[in-house]
$ cat input07.csv   # CSV, C-alpha atoms
chain,number,residue,atom,x,y,z
B,1,MET,CA,-22.7,-12.0,-6.5
B,2,GLY,CA,-24.7,-9.2,-5.1
B,3,LYS,CA,-25.0,-10.9,-1.7
B,4,PHE,CA,-21.3,-11.6,-1.8
B,5,ILE,CA,-20.4,-8.0,-2.3
B,6,ALA,CA,-23.0,-6.8,0.3
B,7,LYS,CA,-21.5,-9.2,2.9
B,8,ARG,CA,-18.0,-7.9,2.2
B,9,LEU,CA,-19.1,-4.3,2.4
B,10,LEU,CA,-20.8,-4.9,5.7
B,11,LEU,CA,-17.8,-6.6,7.2
B,12,GLY,CA,-15.5,-3.8,5.9
B,13,VAL,CA,-17.6,-1.1,7.5
B,14,LEU,CA,-17.5,-3.0,10.8
B,15,VAL,CA,-13.7,-3.4,10.6
B,16,LEU,CA,-13.3,0.3,9.8
B,17,LEU,CA,-15.5,1.2,12.8
B,18,GLY,CA,-13.5,-1.0,15.1
B,19,THR,CA,-10.3,0.5,13.7
B,20,SER,CA,-11.5,4.0,14.4
B,21,ILE,CA,-12.5,3.1,18.0
B,22,LEU,CA,-9.1,1.4,18.6
B,23,ILE,CA,-6.9,4.2,17.2
B,24,PHE,CA,-9.0,6.9,19.0
B,25,ILE,CA,-8.6,5.2,22.3
B,26,ILE,CA,-4.9,4.6,21.8
B,27,ALA,CA,-4.5,8.3,20.9
B,28,ARG,CA,-6.3,9.4,24.0
B,29,VAL,CA,-4.5,7.2,26.5
B,30,VAL,CA,-0.9,8.2,25.5
B,31,PRO,CA,1.2,9.4,28.4
B,32,GLY,CA,1.2,13.1,29.1
B,33,ASP,CA,-1.2,15.9,28.6
B,34,VAL,CA,-2.3,16.3,25.0
B,35,ALA,CA,-2.6,20.1,25.3
B,36,SER,CA,0.9,20.4,26.8
B,37,ILE,CA,2.3,18.2,24.0
B,38,ALA,CA,0.6,20.2,21.3
B,39,LEU,CA,1.3,23.7,22.7
B,40,GLY,CA,4.5,23.1,24.6
B,41,SER,CA,5.2,23.3,28.4
B,42,ARG,CA,5.5,27.1,28.3
B,43,ALA,CA,2.0,27.7,27.0
B,44,SER,CA,-0.4,29.4,29.3
B,45,GLU,CA,-3.1,27.4,31.1
B,46,SER,CA,-5.8,29.4,29.3
B,47,ALA,CA,-4.4,28.3,25.9
B,48,LYS,CA,-4.2,24.7,27.0
B,49,GLU,CA,-7.8,24.8,28.3
B,50,ALA,CA,-9.0,26.3,25.0
B,51,LEU,CA,-7.3,23.4,23.1
B,52,ARG,CA,-8.9,20.9,25.5
B,53,GLU,CA,-12.3,22.3,24.7
B,54,GLU,CA,-11.5,22.3,21.0
B,55,LEU,CA,-10.5,18.6,21.1
B,56,TYR,CA,-13.4,17.7,23.4
B,57,LEU,CA,-10.9,16.4,26.0
B,58,ASN,CA,-13.1,17.6,28.9
B,59,ASP,CA,-16.0,15.3,27.8
B,60,PRO,CA,-16.3,11.6,28.7
B,61,LEU,CA,-14.5,9.3,26.3
B,62,PRO,CA,-17.6,8.0,24.5
B,63,VAL,CA,-18.8,11.5,23.9
B,64,GLN,CA,-15.3,12.5,22.6
B,65,TYR,CA,-15.4,9.6,20.2
B,66,ILE,CA,-18.8,10.4,18.8
B,67,LYS,CA,-17.9,14.0,18.2
B,68,TRP,CA,-14.6,13.1,16.7
B,69,LEU,CA,-16.2,10.5,14.4
B,70,GLY,CA,-18.8,13.0,13.3
B,71,ASP,CA,-16.1,15.5,12.3
B,72,ALA,CA,-14.0,12.7,10.7
B,73,LEU,CA,-17.0,11.7,8.5
B,74,HIS,CA,-17.1,15.3,7.2
B,75,GLY,CA,-13.3,15.2,6.5
B,76,ASP,CA,-12.4,17.3,9.5
B,77,PHE,CA,-9.6,15.7,11.5
B,78,GLY,CA,-8.6,18.9,13.3
B,79,ASP,CA,-5.3,20.8,13.0
B,80,SER,CA,-1.9,19.2,13.1
B,81,PHE,CA,0.2,20.1,16.1
B,82,ILE,CA,3.4,20.1,13.9
B,83,THR,CA,2.4,21.8,10.6
B,84,LYS,CA,-0.1,24.1,12.3
B,85,ARG,CA,-2.7,23.6,9.6
B,86,ALA,CA,-5.7,21.3,8.9
B,87,VAL,CA,-4.8,17.6,8.8
B,88,SER,CA,-7.1,17.3,5.8
B,89,ALA,CA,-4.9,19.8,3.9
B,90,ASP,CA,-1.8,17.8,4.9
B,91,VAL,CA,-3.4,14.6,3.7
B,92,GLN,CA,-4.4,16.2,0.4
B,93,GLN,CA,-0.8,17.3,-0.1
B,94,PHE,CA,1.0,14.1,0.9
B,95,LEU,CA,-1.4,11.2,0.0
B,96,PRO,CA,-1.1,11.5,-3.8
B,97,ALA,CA,2.7,11.0,-3.7
B,98,THR,CA,2.4,7.8,-1.7
B,99,LEU,CA,-0.4,6.6,-3.8
B,100,GLU,CA,1.7,7.1,-7.0
B,101,LEU,CA,4.6,5.3,-5.4
B,102,VAL,CA,2.4,2.4,-4.2
B,103,LEU,CA,0.5,2.1,-7.5
B,104,VAL,CA,3.7,1.8,-9.6
B,105,SER,CA,5.1,-0.6,-7.1
B,106,GLY,CA,1.9,-2.6,-7.3
B,107,VAL,CA,2.3,-2.9,-11.1
B,108,PHE,CA,5.9,-4.2,-10.6
B,109,ILE,CA,4.6,-6.7,-8.1
B,110,VAL,CA,1.9,-8.1,-10.4
B,111,ILE,CA,4.2,-8.3,-13.4
B,112,GLY,CA,7.2,-9.7,-11.5
B,113,THR,CA,5.1,-12.2,-9.6
B,114,PHE,CA,3.5,-13.8,-12.6
B,115,VAL,CA,6.7,-13.8,-14.7
B,116,LEU,CA,8.9,-15.4,-12.1
B,117,GLY,CA,6.2,-17.7,-10.8
B,118,LEU,CA,5.4,-19.1,-14.3
B,119,LEU,CA,9.1,-19.5,-15.1
B,120,ALA,CA,9.8,-21.3,-11.8
B,121,ALA,CA,6.8,-23.7,-12.4
B,122,ARG,CA,7.6,-24.2,-16.1
B,123,TYR,CA,11.2,-25.1,-15.3
B,124,LYS,CA,10.7,-26.7,-11.9
B,125,ASN,CA,13.6,-28.5,-10.4
B,126,THR,CA,16.0,-27.0,-12.9
B,127,TRP,CA,18.6,-24.3,-12.6
B,128,VAL,CA,16.0,-21.7,-13.5
B,129,ASP,CA,13.8,-22.7,-10.6
B,130,GLY,CA,16.9,-22.9,-8.3
B,131,LEU,CA,18.0,-19.4,-9.3
B,132,ILE,CA,14.5,-17.9,-8.6
B,133,ARG,CA,14.5,-19.7,-5.3
B,134,ILE,CA,17.8,-18.2,-4.3
B,135,LEU,CA,16.6,-14.8,-5.4
B,136,SER,CA,13.5,-15.2,-3.3
B,137,TYR,CA,15.5,-16.0,-0.2
B,138,ILE,CA,17.7,-12.9,-0.8
B,139,GLY,CA,14.6,-10.7,-1.5
B,140,ILE,CA,12.8,-11.8,1.6
B,141,ALA,CA,15.8,-11.4,3.8
B,142,LEU,CA,16.6,-7.8,2.6
B,143,PRO,CA,14.3,-5.1,4.0
B,144,ALA,CA,12.9,-2.6,1.6
B,145,PHE,CA,15.1,0.2,2.9
B,146,VAL,CA,18.2,-1.9,2.3
B,147,VAL,CA,17.2,-2.6,-1.2
B,148,GLY,CA,16.5,1.1,-1.6
B,149,VAL,CA,20.0,2.1,-0.5
B,150,LEU,CA,21.5,-0.5,-2.8
B,151,LEU,CA,19.5,0.8,-5.8
B,152,LEU,CA,20.3,4.4,-4.9
B,153,LEU,CA,24.1,3.7,-4.8
B,154,LEU,CA,24.0,1.6,-7.9
B,155,PHE,CA,21.8,3.5,-10.3
B,156,GLY,CA,21.9,6.9,-8.7
B,157,TYR,CA,25.6,7.4,-7.9
B,158,LYS,CA,27.6,4.6,-9.6
B,159,PHE,CA,26.0,4.7,-13.1
B,160,GLN,CA,23.9,7.9,-12.6
B,161,VAL,CA,21.2,6.7,-15.0
B,162,LEU,CA,18.2,7.5,-12.8
B,163,PRO,CA,17.2,10.3,-10.5
B,164,VAL,CA,17.1,9.5,-6.9
B,165,LEU,CA,15.6,12.3,-4.9
B,166,GLY,CA,12.1,13.9,-5.0
B,167,ARG,CA,9.2,13.5,-7.4
B,168,LEU,CA,10.5,15.8,-10.2
B,169,SER,CA,13.8,17.2,-11.4
B,170,THR,CA,14.9,20.7,-10.4
B,171,GLY,CA,13.4,23.2,-12.7
B,172,VAL,CA,10.5,20.9,-13.8
B,173,GLU,CA,7.1,22.3,-12.8
B,174,ALA,CA,4.4,20.0,-11.6
B,175,PRO,CA,1.5,19.5,-14.1
B,176,PRO,CA,-1.9,21.0,-13.4
B,177,THR,CA,-3.5,19.1,-10.6
B,178,ILE,CA,-6.3,16.7,-11.5
B,179,THR,CA,-5.5,13.6,-9.4
B,180,GLY,CA,-2.3,14.7,-7.7
B,181,LEU,CA,-0.4,11.8,-9.3
B,182,TYR,CA,2.2,13.5,-11.5
B,183,ILE,CA,2.4,10.7,-14.1
B,184,ILE,CA,-1.4,10.6,-14.7
B,185,ASP,CA,-1.8,14.3,-14.5
B,186,GLY,CA,1.0,14.9,-17.0
B,187,ILE,CA,-0.6,12.5,-19.5
B,188,LEU,CA,-4.1,13.9,-19.0
B,189,THR,CA,-2.9,17.5,-19.5
B,190,GLY,CA,-0.5,16.7,-22.4
B,191,HIS,CA,2.7,17.4,-20.4
B,192,PHE,CA,4.3,14.2,-21.5
B,193,SER,CA,7.9,15.2,-20.6
B,194,VAL,CA,6.7,15.9,-17.0
B,195,ALA,CA,5.0,12.5,-16.9
B,196,TRP,CA,8.2,10.8,-18.1
B,197,ASP,CA,10.3,12.7,-15.6
B,198,ALA,CA,7.9,11.7,-12.8
B,199,PHE,CA,8.1,8.1,-13.9
B,200,LEU,CA,11.9,8.1,-13.8
B,201,HIS,CA,11.8,9.5,-10.3
B,202,VAL,CA,9.4,6.9,-9.0
B,203,LEU,CA,11.2,3.9,-10.5
B,204,LEU,CA,13.8,3.3,-7.9
B,205,PRO,CA,11.6,3.7,-4.7
B,206,ALA,CA,8.9,1.6,-6.3
B,207,LEU,CA,11.4,-1.1,-7.1
B,208,ALA,CA,12.7,-1.0,-3.6
B,209,LEU,CA,9.2,-1.6,-2.2
B,210,ALA,CA,8.4,-4.3,-4.8
B,211,VAL,CA,11.4,-6.6,-4.7
B,212,GLY,CA,10.5,-8.4,-1.5
B,213,PRO,CA,6.8,-9.0,-2.3
B,214,ILE,CA,7.7,-10.1,-5.9
B,215,VAL,CA,10.0,-12.9,-4.9
B,216,GLN,CA,7.7,-14.0,-2.0
B,217,ASP,CA,4.5,-14.0,-4.1
B,218,ALA,CA,6.3,-15.7,-7.0
B,219,ARG,CA,7.1,-18.7,-4.7
B,220,VAL,CA,3.5,-18.8,-3.6
B,221,LEU,CA,2.3,-18.8,-7.3
B,222,ARG,CA,4.9,-21.4,-8.2
B,223,SER,CA,3.8,-23.8,-5.4
B,224,SER,CA,0.1,-23.5,-6.5
B,225,LEU,CA,1.0,-24.1,-10.2
B,226,VAL,CA,3.0,-27.2,-9.4
B,227,ASP,CA,0.4,-28.5,-7.0
B,228,ASN,CA,-2.5,-28.0,-9.5
B,229,SER,CA,-0.6,-29.4,-12.4
B,230,SER,CA,-0.7,-32.8,-10.8
B,231,ARG,CA,-4.5,-32.8,-10.3
B,232,GLU,CA,-6.7,-35.2,-12.2
B,233,TYR,CA,-8.5,-32.6,-14.3
B,234,MET,CA,-5.2,-31.5,-15.7
B,235,ALA,CA,-4.3,-35.1,-16.7
B,236,VAL,CA,-7.8,-35.5,-18.3
B,237,SER,CA,-7.4,-32.1,-20.2
B,238,THR,CA,-3.9,-33.2,-21.4
B,239,GLY,CA,-5.4,-36.5,-22.5
B,240,TYR,CA,-7.9,-34.7,-24.6
B,241,GLY,CA,-5.0,-33.2,-26.6
B,242,LEU,CA,-5.5,-29.6,-25.6
B,243,PRO,CA,-2.6,-27.3,-26.4
B,244,GLY,CA,-0.1,-26.5,-23.6
B,245,GLY,CA,-0.7,-22.8,-23.8
B,246,LEU,CA,-4.4,-23.2,-23.5
B,247,LEU,CA,-4.0,-25.6,-20.6
B,248,THR,CA,-1.8,-23.1,-18.7
B,249,ARG,CA,-4.0,-20.0,-19.3
B,250,LYS,CA,-7.5,-21.4,-18.9
B,251,TYR,CA,-7.2,-24.5,-16.7
B,252,LEU,CA,-4.1,-24.1,-14.6
B,253,LEU,CA,-3.4,-20.4,-14.0
B,254,LYS,CA,-6.9,-19.4,-12.9
B,255,PRO,CA,-7.2,-21.7,-9.9
B,256,SER,CA,-3.5,-21.3,-9.1
B,257,ALA,CA,-3.6,-17.5,-9.1
B,258,THR,CA,-6.1,-17.2,-6.2
B,259,SER,CA,-3.6,-17.8,-3.4
B,260,ALA,CA,-1.0,-15.5,-5.0
B,261,ILE,CA,-3.5,-12.7,-5.6
B,262,THR,CA,-4.6,-12.9,-1.9
B,263,VAL,CA,-1.0,-12.5,-0.8
B,264,MET,CA,-0.4,-9.7,-3.3
B,265,GLY,CA,-3.4,-7.9,-2.0
B,266,MET,CA,-2.0,-8.0,1.5
B,267,ASP,CA,1.4,-6.9,0.3
B,268,PHE,CA,-0.1,-4.0,-1.7
B,269,SER,CA,-2.2,-2.8,1.3
B,270,SER,CA,0.9,-2.8,3.6
B,271,LEU,CA,2.9,-0.7,1.2
B,272,LEU,CA,1.0,2.4,2.2
B,273,GLY,CA,2.1,2.2,5.8
B,274,ASN,CA,5.5,0.5,5.3
B,275,ALA,CA,6.9,2.9,2.8
B,276,PHE,CA,8.2,5.5,5.3
B,277,LEU,CA,11.9,4.4,5.3
B,278,VAL,CA,11.9,4.3,1.5
B,279,GLU,CA,10.3,7.7,1.3
B,280,GLN,CA,12.9,9.0,3.7
B,281,ILE,CA,15.8,7.6,1.7
B,282,PHE,CA,14.6,9.0,-1.6
B,283,ASN,CA,13.2,12.2,-0.1
B,284,TRP,CA,9.8,11.3,-1.3
B,285,PRO,CA,7.1,13.7,0.2
B,286,GLY,CA,4.6,11.0,1.0
B,287,LEU,CA,2.0,10.2,3.6
B,288,SER,CA,4.0,7.4,5.2
B,289,ARG,CA,6.8,9.7,6.2
B,290,TYR,CA,4.3,12.3,7.4
B,291,GLY,CA,2.6,9.6,9.5
B,292,ILE,CA,5.9,8.5,11.1
B,293,ASN,CA,6.8,12.1,12.0
B,294,ALA,CA,3.3,12.6,13.5
B,295,MET,CA,3.8,9.5,15.7
B,296,LEU,CA,7.3,10.6,16.8
B,297,ASN,CA,5.9,14.0,17.8
B,298,LYS,CA,2.6,12.6,19.3
B,299,ASP,CA,0.5,14.6,16.7
B,300,LEU,CA,-2.7,12.9,17.7
B,301,ASN,CA,-5.0,14.4,15.0
B,302,ALA,CA,-2.6,13.4,12.3
B,303,ILE,CA,-2.0,10.0,13.7
B,304,CYS,CA,-5.7,9.2,13.7
B,305,ALA,CA,-6.1,10.4,10.1
B,306,VAL,CA,-3.2,8.5,8.7
B,307,VAL,CA,-4.1,5.2,10.5
B,308,LEU,CA,-7.8,5.6,9.4
B,309,ILE,CA,-6.6,6.1,5.8
B,310,ILE,CA,-4.5,3.0,5.9
B,311,GLY,CA,-7.4,1.1,7.3
B,312,ILE,CA,-9.6,2.3,4.4
B,313,THR,CA,-6.9,1.2,2.0
B,314,TYR,CA,-6.8,-2.3,3.5
B,315,PHE,CA,-10.6,-2.4,3.1
B,316,LEU,CA,-10.7,-1.3,-0.5
B,317,VAL,CA,-7.8,-3.5,-1.6
B,318,ASN,CA,-9.2,-6.6,0.2
B,319,LEU,CA,-12.6,-5.9,-1.4
B,320,LEU,CA,-11.0,-5.7,-4.8
B,321,VAL,CA,-9.1,-8.9,-4.2
B,322,ASP,CA,-12.3,-10.7,-3.1
B,323,LEU,CA,-14.0,-9.6,-6.3
B,324,ILE,CA,-11.1,-10.8,-8.4
B,325,ILE,CA,-11.0,-14.2,-6.7
B,326,ALA,CA,-14.7,-14.5,-6.9
B,327,GLY,CA,-14.5,-14.0,-10.6
B,328,LEU,CA,-11.7,-16.6,-10.9
B,329,ASP,CA,-13.3,-19.1,-8.6
B,330,PRO,CA,-17.1,-19.5,-8.6
B,331,ARG,CA,-16.9,-21.4,-5.3
B,332,MET,CA,-16.2,-18.1,-3.5
B,333,ARG,CA,-19.4,-16.6,-4.8
B,334,ILE,CA,-21.6,-19.5,-3.7
B,335,GLY,CA,-20.1,-20.0,-0.3
B,336,GLY,CA,-18.1,-23.1,-1.2
B,337,LYS,CA,-21.2,-25.2,-2.1
$ encode --input "input07.csv" --output "C-alpha cells"
Amino acid sequence: MGKFIAKRLLLGVLVLLGTSILIFIIARVVPGDVASIALGSRASESAKEALREELYLNDPLPVQYIKWLGDALHGDFGDSFITKRAVSADVQQFLPATLELVLVSGVFIVIGTFVLGLLAARYKNTWVDGLIRILSYIGIALPAFVVGVLLLLLFGYKFQVLPVLGRLSTGVEAPPTITGLYIIDGILTGHFSVAWDAFLHVLLPALALAVGPIVQDARVLRSSLVDNSSREYMAVSTGYGLPGGLLTRKYLLKPSATSAITVMGMDFSSLLGNAFLVEQIFNWPGLSRYGINAMLNKDLNAICAVVLIIGITYFLVNLLVDLIIAGLDPRMRIGGK
C-alpha cells in the first residue's frame, strides 16, 4: 500500500508540474501586451515598464517560469489586475464559498448515486428501472445552469420555501472564521442558526450541480451491479444460503462500486471549475465566478492561480478515489497480480 500511495503521489506531482508549465505558457502567449491589458492603453510607458519588470516579462520565458513558480510555491501569485489586490487574498476570500458548494453537492451525488443505482439494479427491467432511466436521460441532457434556473423559479419564486441568493440571509452575520465554510464554522462556534441558514442557502445551487452527475453515475452503478450479479461467485454465494442483504453489501456492492466511484471522483473534481454559471445564477461569491471574470478580463495572475488550484483539486480527489478503490479492490494495491 505504501508503494501504491508513493507512486500516485509522484504521478500527481508530475501532473501538477506539467499543468503549471502549460497554464504559464498559455498566459504568456495571449495576444496583446500584458502591461497594456493590466494598466490600460492610457498608462504611461514608465508604468508599463515597471509592471513588466515586476512580472519578469523582460526575462526569457524559462527564467520567467522559474521565478513565477518560486513565488507560487510561497503562495505569491502577484496582484490581480481587476481587484487591485493580491491574488492570494482573492483566493482566500472566494475559495471557501465554492468549496462549501462543491462539498454539499458531493454529498448529494454520493447519496443519490447509491440510492438510485441500487433501486435500478434491485428492480431491473421494471417500471422503477425504466423511470430512473428516463430521469437519467433528462438529467444528462439538462445543463447544470438550466437545472439551477428551474429550481430557482420553482422553490425560490413559485413556492418561496428556500432562499435563492447569496450565502446568508440579509441581517445574518457570518460566523467567526475558522475554515471559511459557514456551515462548519457555525457548528464549531455554536452559531447553529447561522449554520442552518447557510445550509438552506446552499441547497438549491448544490442540487443544481448534483442532478446531472447523480443520474449519470447511478446508471454506471446499476450496470456494474447487474453485470456482477450474474457472476459465478454470486451464484455460489447464493447456493450457500447467504442472506440477500449480506450478499449485496459484502459481495456485490464492493466490486460494483469501483467504476461508479471513479466516475464520481471525476464529476466532483470538475464541479470546482464548472460551477461558474450556477454561482452566477444564485449570486454565489465563489472562486469559479472569480476565475471566469479573470479570463474574460485577461487577468493573467488570477487565471494562473485559479487553474492551478483546480489542478490541485483534481490531484487530491483522484488520490482519494485511488485509495478508496484500493481499499475495496485488493487487485489495485498489488498491480493486478
$ atom_distance --input "input07.csv" --atom1 "CA of His201 (chain B)" --atom2 "CA of Val172 (chain B)"
12.0 Å
$ closest_residue --input "input07.csv" --among "B:Gly12, B:Leu116, B:Arg85, B:Tyr182" --to "Thr313 (chain B)" --atoms "only C-alpha atoms"
B:Gly12
$ closest_residue --input "input07.csv" --among "B:Leu296, B:Leu207, B:Val278, B:Leu246" --to "Gly106 (chain B)" --atoms "all atoms listed in the file"
B:Leu207
$ closest_residue --input "input07.csv" --among "B:Ile303, B:Val211, B:Leu242, B:Ile184" --to "Val146 (chain B)" --atoms "all atoms listed in the file"
B:Val211
$ atom_distance --input "input07.csv" --atom1 "CA of Ile109 (chain B)" --atom2 "CA of Ile5 (chain B)"
25.7 Å
$ residues_around --input "input07.csv" --residues "Gly186 (chain B)" --least-positions-apart "2" --cutoff "12 Å" --atoms "only C-alpha atoms" --output "PyMOL selection string"
chain B and resi 168+172-184+188-199
$ atom_distance --input "input07.csv" --atom1 "CA of Gly2 (chain B)" --atom2 "CA of Val317 (chain B)"
18.2 Å
$ residues_around --input "input07.csv" --residues "Ile66 (chain B)" --least-positions-apart "3" --cutoff "12 Å" --atoms "all atoms listed in the file" --output "list of chain:residue names"
B:Leu17, B:Ser20, B:Ile21, B:Phe24, B:Ile25, B:Leu55, B:Tyr56, B:Asp59, B:Pro60, B:Leu61, B:Pro62, B:Val63, B:Leu69, B:Gly70, B:Asp71, B:Ala72, B:Leu73
$ residues_around --input "input07.csv" --residues "region 154-165 of chain B" --least-positions-apart "6" --cutoff "9 Å" --atoms "only C-alpha atoms" --output "VMD selection string"
chain B and resid 197 200 to 205 281 to 284
$ write_last_selection --input "input07.csv" --atoms "C-alpha atoms" --output "mmCIF file, in the coordinates of the input"
data_model
loop_
_atom_site.group_PDB
_atom_site.id
_atom_site.type_symbol
_atom_site.label_atom_id
_atom_site.label_comp_id
_atom_site.auth_asym_id
_atom_site.auth_seq_id
_atom_site.Cartn_x
_atom_site.Cartn_y
_atom_site.Cartn_z
ATOM 1 C CA ASP B 197 10.300 12.700 -15.600
ATOM 2 C CA LEU B 200 11.900 8.100 -13.800
ATOM 3 C CA HIS B 201 11.800 9.500 -10.300
ATOM 4 C CA VAL B 202 9.400 6.900 -9.000
ATOM 5 C CA LEU B 203 11.200 3.900 -10.500
ATOM 6 C CA LEU B 204 13.800 3.300 -7.900
ATOM 7 C CA PRO B 205 11.600 3.700 -4.700
ATOM 8 C CA ILE B 281 15.800 7.600 1.700
ATOM 9 C CA PHE B 282 14.600 9.000 -1.600
ATOM 10 C CA ASN B 283 13.200 12.200 -0.100
ATOM 11 C CA TRP B 284 9.800 11.300 -1.300
#
$ residues_around --input "input07.csv" --residues "Ile138 (chain B)" --least-positions-apart "2" --cutoff "12 Å" --atoms "all atoms listed in the file" --output "PDB file with C-alpha atoms, in the coordinates of the input"
ATOM      1  CA  LEU B 131      18.000 -19.400  -9.300  1.00  0.00           C
ATOM      2  CA  ILE B 132      14.500 -17.900  -8.600  1.00  0.00           C
ATOM      3  CA  ARG B 133      14.500 -19.700  -5.300  1.00  0.00           C
ATOM      4  CA  ILE B 134      17.800 -18.200  -4.300  1.00  0.00           C
ATOM      5  CA  LEU B 135      16.600 -14.800  -5.400  1.00  0.00           C
ATOM      6  CA  SER B 136      13.500 -15.200  -3.300  1.00  0.00           C
ATOM      7  CA  ILE B 140      12.800 -11.800   1.600  1.00  0.00           C
ATOM      8  CA  ALA B 141      15.800 -11.400   3.800  1.00  0.00           C
ATOM      9  CA  LEU B 142      16.600  -7.800   2.600  1.00  0.00           C
ATOM     10  CA  PRO B 143      14.300  -5.100   4.000  1.00  0.00           C
ATOM     11  CA  ALA B 144      12.900  -2.600   1.600  1.00  0.00           C
ATOM     12  CA  VAL B 146      18.200  -1.900   2.300  1.00  0.00           C
ATOM     13  CA  VAL B 147      17.200  -2.600  -1.200  1.00  0.00           C
ATOM     14  CA  VAL B 211      11.400  -6.600  -4.700  1.00  0.00           C
ATOM     15  CA  GLY B 212      10.500  -8.400  -1.500  1.00  0.00           C
ATOM     16  CA  PRO B 213       6.800  -9.000  -2.300  1.00  0.00           C
ATOM     17  CA  ILE B 214       7.700 -10.100  -5.900  1.00  0.00           C
ATOM     18  CA  VAL B 215      10.000 -12.900  -4.900  1.00  0.00           C
ATOM     19  CA  GLN B 216       7.700 -14.000  -2.000  1.00  0.00           C
TER      20      GLN B 216
END
$ residues_around --input "input07.csv" --residues "Val91 (chain B)" --least-positions-apart "2" --cutoff "10 Å" --atoms "only C-alpha atoms" --output "JSON list (two decimals) with C-alpha atoms, in the coordinates of the input"
[["chain", "number", "residue", "atom", "x", "y", "z"],
["B", 86, "ALA", "CA", -5.70, 21.30, 8.90],
["B", 87, "VAL", "CA", -4.80, 17.60, 8.80],
["B", 88, "SER", "CA", -7.10, 17.30, 5.80],
["B", 89, "ALA", "CA", -4.90, 19.80, 3.90],
["B", 93, "GLN", "CA", -0.80, 17.30, -0.10],
["B", 94, "PHE", "CA", 1.00, 14.10, 0.90],
["B", 95, "LEU", "CA", -1.40, 11.20, 0.00],
["B", 96, "PRO", "CA", -1.10, 11.50, -3.80],
["B", 286, "GLY", "CA", 4.60, 11.00, 1.00],
["B", 287, "LEU", "CA", 2.00, 10.20, 3.60],
["B", 290, "TYR", "CA", 4.30, 12.30, 7.40],
["B", 291, "GLY", "CA", 2.60, 9.60, 9.50],
["B", 302, "ALA", "CA", -2.60, 13.40, 12.30],
["B", 305, "ALA", "CA", -6.10, 10.40, 10.10],
["B", 306, "VAL", "CA", -3.20, 8.50, 8.70],
["B", 309, "ILE", "CA", -6.60, 6.10, 5.80]]
$ closest_residue --input "input07.csv" --among "B:Ala210, B:Leu272, B:Leu51, B:Ile310" --to "Phe81 (chain B)" --atoms "all atoms listed in the file"
B:Leu51
$ closest_residue --input "input07.csv" --among "B:Pro243, B:Gly171, B:Leu209, B:Pro255" --to "Arg231 (chain B)" --atoms "only C-alpha atoms"
B:Pro255
